Amino acid sequence: MPINLPVTPVIKDAESSPDMISVSDTAFGVAFNESLVHQVVVAYQAGGRQGTRAQKNRSAVRGGGSKPWRQKGSGRARAGTIRSPLFRGGGRAFPASTRDFSQKVNRKMYRAAMRSILSELHRQERLIVVQALSMSEPKTRVLSEILKPIDALQCLIVLPEADRNIDLSSRNLPEVSVSTSQSLNPVSLISHEKVIMTAEAIKAVDRALQ
């Protein structure tokens with residue numbers, strides 16, 4: 001059964017009355033699954049960790065090919081190489097190695113979590129749909145004037161495709177981010193107070209989550 005979302009007018013068409021846009025209840029009308037959303041968010045953040053750390057063990061440290069002193073008679077402890085962890089300049093006993101932090105998340109789980117987040121945003125009235133959003137030139141002041149009347153200075157703007165002017169205009173607004181419908185992710189959705197989607201973008205998201 002379709003869900004009708006109101007289309008909020010922006011400054012340029014403030015005189016017109018808001019229209020309605022229909023989306024499917026399978027993407028914007030499901031129950032909130034907190035445990036699933038938590039699992040997907042943690043997995044998404046873990047996948048962003050580089051894990052590029054490396055230390056050398058005794059075999060990777062240069063040198064130490066010869067025995068430093070004879071086995072017996074010197075009064076010192078026996079040693080086979082000066083690159084032992086006991087010596088300065090030697091390898092580490094338990095070196096840190098490159099690690100892959102990524103966690104496996106099935107596609108069905110990921111899509112279900114996205115549906116759950118979007119549905120909860122709709123229920124909390126934090127999802128704002130606008131007919132279109134475009135700028136002739138990059139101006140932070142102009143974008144701020146568009147967002148103020150709809151009380152969305154802390155928001156994620158979702159566009160159907162990348163818009164350089166809007167992207168540049170949002171850079172000086174610390175709590176405003178811009179994304180496309182293709183690169184939308186659960187962390188971005190839950191990290192902002194409100195989510196603004198254009199009509200074309202929300203249709204693309206609706207189709208992708210079917």
# chains A, B, ... in the order shown; residues from 1 in each chain; ligands from 1
call {"tool": "residues_around", "arguments": {"residues": "range 35-43 of chain A", "least_positions_apart": "3", "cutoff": "8 Å", "atoms": "only C-alpha atoms", "output": "PyMOL selection string"}}
result
chain A and resi 46-47+102-105+109-110+113-114+116-117+186-187
call {"tool": "write_last_selection", "arguments": {"atoms": "N, CA and C atoms", "output": "compact mmCIF listing (two decimals), in the first residue's frame"}}
result
# COMPACT_ATOMS: atom_id res chain seq x y z
N ALA A 46 33.04 -0.37 10.68
CA ALA A 46 34.21 -1.24 10.72
C ALA A 46 34.85 -1.38 9.35
N GLY A 47 34.02 -1.39 8.31
CA GLY A 47 34.56 -1.50 6.96
C GLY A 47 35.34 -0.28 6.54
N SER A 102 36.70 -5.57 8.34
CA SER A 102 35.39 -5.65 7.69
C SER A 102 34.57 -6.82 8.23
N GLN A 103 33.26 -6.60 8.29
CA GLN A 103 32.33 -7.62 8.74
C GLN A 103 31.34 -7.92 7.61
N LYS A 104 30.99 -9.18 7.50
CA LYS A 104 30.08 -9.58 6.44
C LYS A 104 28.65 -9.22 6.81
N VAL A 105 27.98 -8.53 5.91
CA VAL A 105 26.56 -8.21 6.07
C VAL A 105 25.86 -8.60 4.77
N MET A 109 20.02 -8.04 4.63
CA MET A 109 20.11 -7.38 5.93
C MET A 109 20.36 -5.88 5.76
N TYR A 110 21.27 -5.54 4.84
CA TYR A 110 21.60 -4.13 4.62
C TYR A 110 20.37 -3.36 4.14
N ALA A 113 17.85 -2.89 6.91
CA ALA A 113 18.25 -1.84 7.85
C ALA A 113 17.98 -0.46 7.26
N MET A 114 18.22 -0.29 5.97
CA MET A 114 17.95 1.00 5.32
C MET A 114 16.46 1.29 5.34
N SER A 116 14.34 0.21 7.51
CA SER A 116 13.99 0.49 8.90
C SER A 116 14.34 1.93 9.29
N ILE A 117 15.51 2.39 8.87
CA ILE A 117 15.94 3.76 9.20
C ILE A 117 15.05 4.78 8.51
N PRO A 186 23.68 3.97 5.83
CA PRO A 186 22.97 4.08 7.11
C PRO A 186 23.61 5.04 8.10
N VAL A 187 24.93 5.16 8.09
CA VAL A 187 25.60 6.05 9.03
C VAL A 187 25.23 7.51 8.75
call {"tool": "residues_around", "arguments": {"residues": "Ser177 in chain A", "least_positions_apart": "4", "cutoff": "7 Å", "atoms": "only C-alpha atoms", "output": "list in words"}}
result
Cys155, Leu156, Ile157 and Ser170 of chain A
call {"tool": "closest_residue", "arguments": {"among": "A:Lys67, A:Arg164, A:His122, A:Arg171", "to": "Ser144 in chain A", "atoms": "only C-alpha atoms"}}
result
A:Arg171
call {"tool": "closest_atom_pairs", "arguments": {"of": "range 33-147 of chain A", "to": "range 188-202 of chain A", "cutoff": "10 Å", "atoms": "only C-alpha atoms", "output": "CSV"}}
result
residue,atom,partner,partner_atom,distance
A:Val37,CA,A:Ile190,CA,9.8
A:Val41,CA,A:Ile190,CA,9.2
A:Met114,CA,A:Leu189,CA,8.7
A:Ile117,CA,A:Leu189,CA,7.4
A:Leu118,CA,A:Leu189,CA,7.9
A:Leu121,CA,A:Lys194,CA,8.0
A:His122,CA,A:Val195,CA,9.6
A:Gln124,CA,A:Lys194,CA,9.7
A:Glu125,CA,A:Lys194,CA,8.4
A:Arg126,CA,A:Lys194,CA,4.7
A:Leu127,CA,A:Val195,CA,5.0
A:Ile128,CA,A:Ile196,CA,4.7
A:Val129,CA,A:Met197,CA,5.0
A:Val130,CA,A:Thr198,CA,4.8
A:Gln131,CA,A:Ala199,CA,5.1
A:Ala132,CA,A:Thr198,CA,5.2
A:Leu133,CA,A:Thr198,CA,6.7
A:Leu147,CA,A:Ile196,CA,9.6
call {"tool": "select_by_dssp", "arguments": {"residues": "range 11-171 of chain A", "states": "strand (DSSP E or B)", "output": "MDAnalysis selection string"}}
result
chainID A and resid 20:24 127:130 155:159
call {"tool": "residues_around", "arguments": {"residues": "Ser84 in chain A", "least_positions_apart": "6", "cutoff": "10 Å", "atoms": "only C-alpha atoms", "output": "PDB file with N, CA and C atoms, in the first residue's frame"}}
result
ATOM      1  N   ASN A  57      58.935  -8.401  13.104  1.00  0.00           N
ATOM      2  CA  ASN A  57      59.400  -9.424  14.036  1.00  0.00           C
ATOM      3  C   ASN A  57      60.895  -9.659  13.813  1.00  0.00           C
ATOM      4  N   ARG A  58      61.472 -10.596  14.496  1.00  0.00           N
ATOM      5  CA  ARG A  58      62.926 -10.779  14.437  1.00  0.00           C
ATOM      6  C   ARG A  58      63.403 -11.232  13.060  1.00  0.00           C
ATOM      7  N   SER A  59      62.556 -11.903  12.306  1.00  0.00           N
ATOM      8  CA  SER A  59      62.966 -12.334  10.977  1.00  0.00           C
ATOM      9  C   SER A  59      62.880 -11.223   9.945  1.00  0.00           C
ATOM     10  N   VAL A  61      63.601  -7.931  10.669  1.00  0.00           N
ATOM     11  CA  VAL A  61      64.569  -6.871  10.961  1.00  0.00           C
ATOM     12  C   VAL A  61      65.881  -7.180  10.246  1.00  0.00           C
ATOM     13  N   GLY A  64      71.757  -9.339  12.051  1.00  0.00           N
ATOM     14  CA  GLY A  64      71.645 -10.425  13.013  1.00  0.00           C
ATOM     15  C   GLY A  64      71.897 -11.797  12.423  1.00  0.00           C
ATOM     16  N   GLY A  90      66.142  -4.866  17.910  1.00  0.00           N
ATOM     17  CA  GLY A  90      65.660  -6.169  17.507  1.00  0.00           C
ATOM     18  C   GLY A  90      64.182  -6.127  17.129  1.00  0.00           C
ATOM     19  N   GLY A  91      63.677  -7.239  16.633  1.00  0.00           N
ATOM     20  CA  GLY A  91      62.269  -7.321  16.270  1.00  0.00           C
ATOM     21  C   GLY A  91      61.381  -7.423  17.498  1.00  0.00           C
ATOM     22  N   ARG A  92      60.113  -7.186  17.310  1.00  0.00           N
ATOM     23  CA  ARG A  92      59.161  -7.293  18.407  1.00  0.00           C
ATOM     24  C   ARG A  92      58.693  -8.737  18.546  1.00  0.00           C
ATOM     25  N   ALA A  93      58.427  -9.115  19.793  1.00  0.00           N
ATOM     26  CA  ALA A  93      57.991 -10.489  20.039  1.00  0.00           C
ATOM     27  C   ALA A  93      56.598 -10.740  19.474  1.00  0.00           C
TER      28      ALA A  93
END
call {"tool": "atom_distance", "arguments": {"atom1": "CA of Gly65 in chain A", "atom2": "CA of Arg99 in chain A"}}
result
29.4 Å
call {"tool": "closest_residue", "arguments": {"among": "A:Arg78, A:Phe94, A:Ser119, A:Gln45", "to": "Asn185 in chain A", "atoms": "only C-alpha atoms"}}
result
A:Gln45
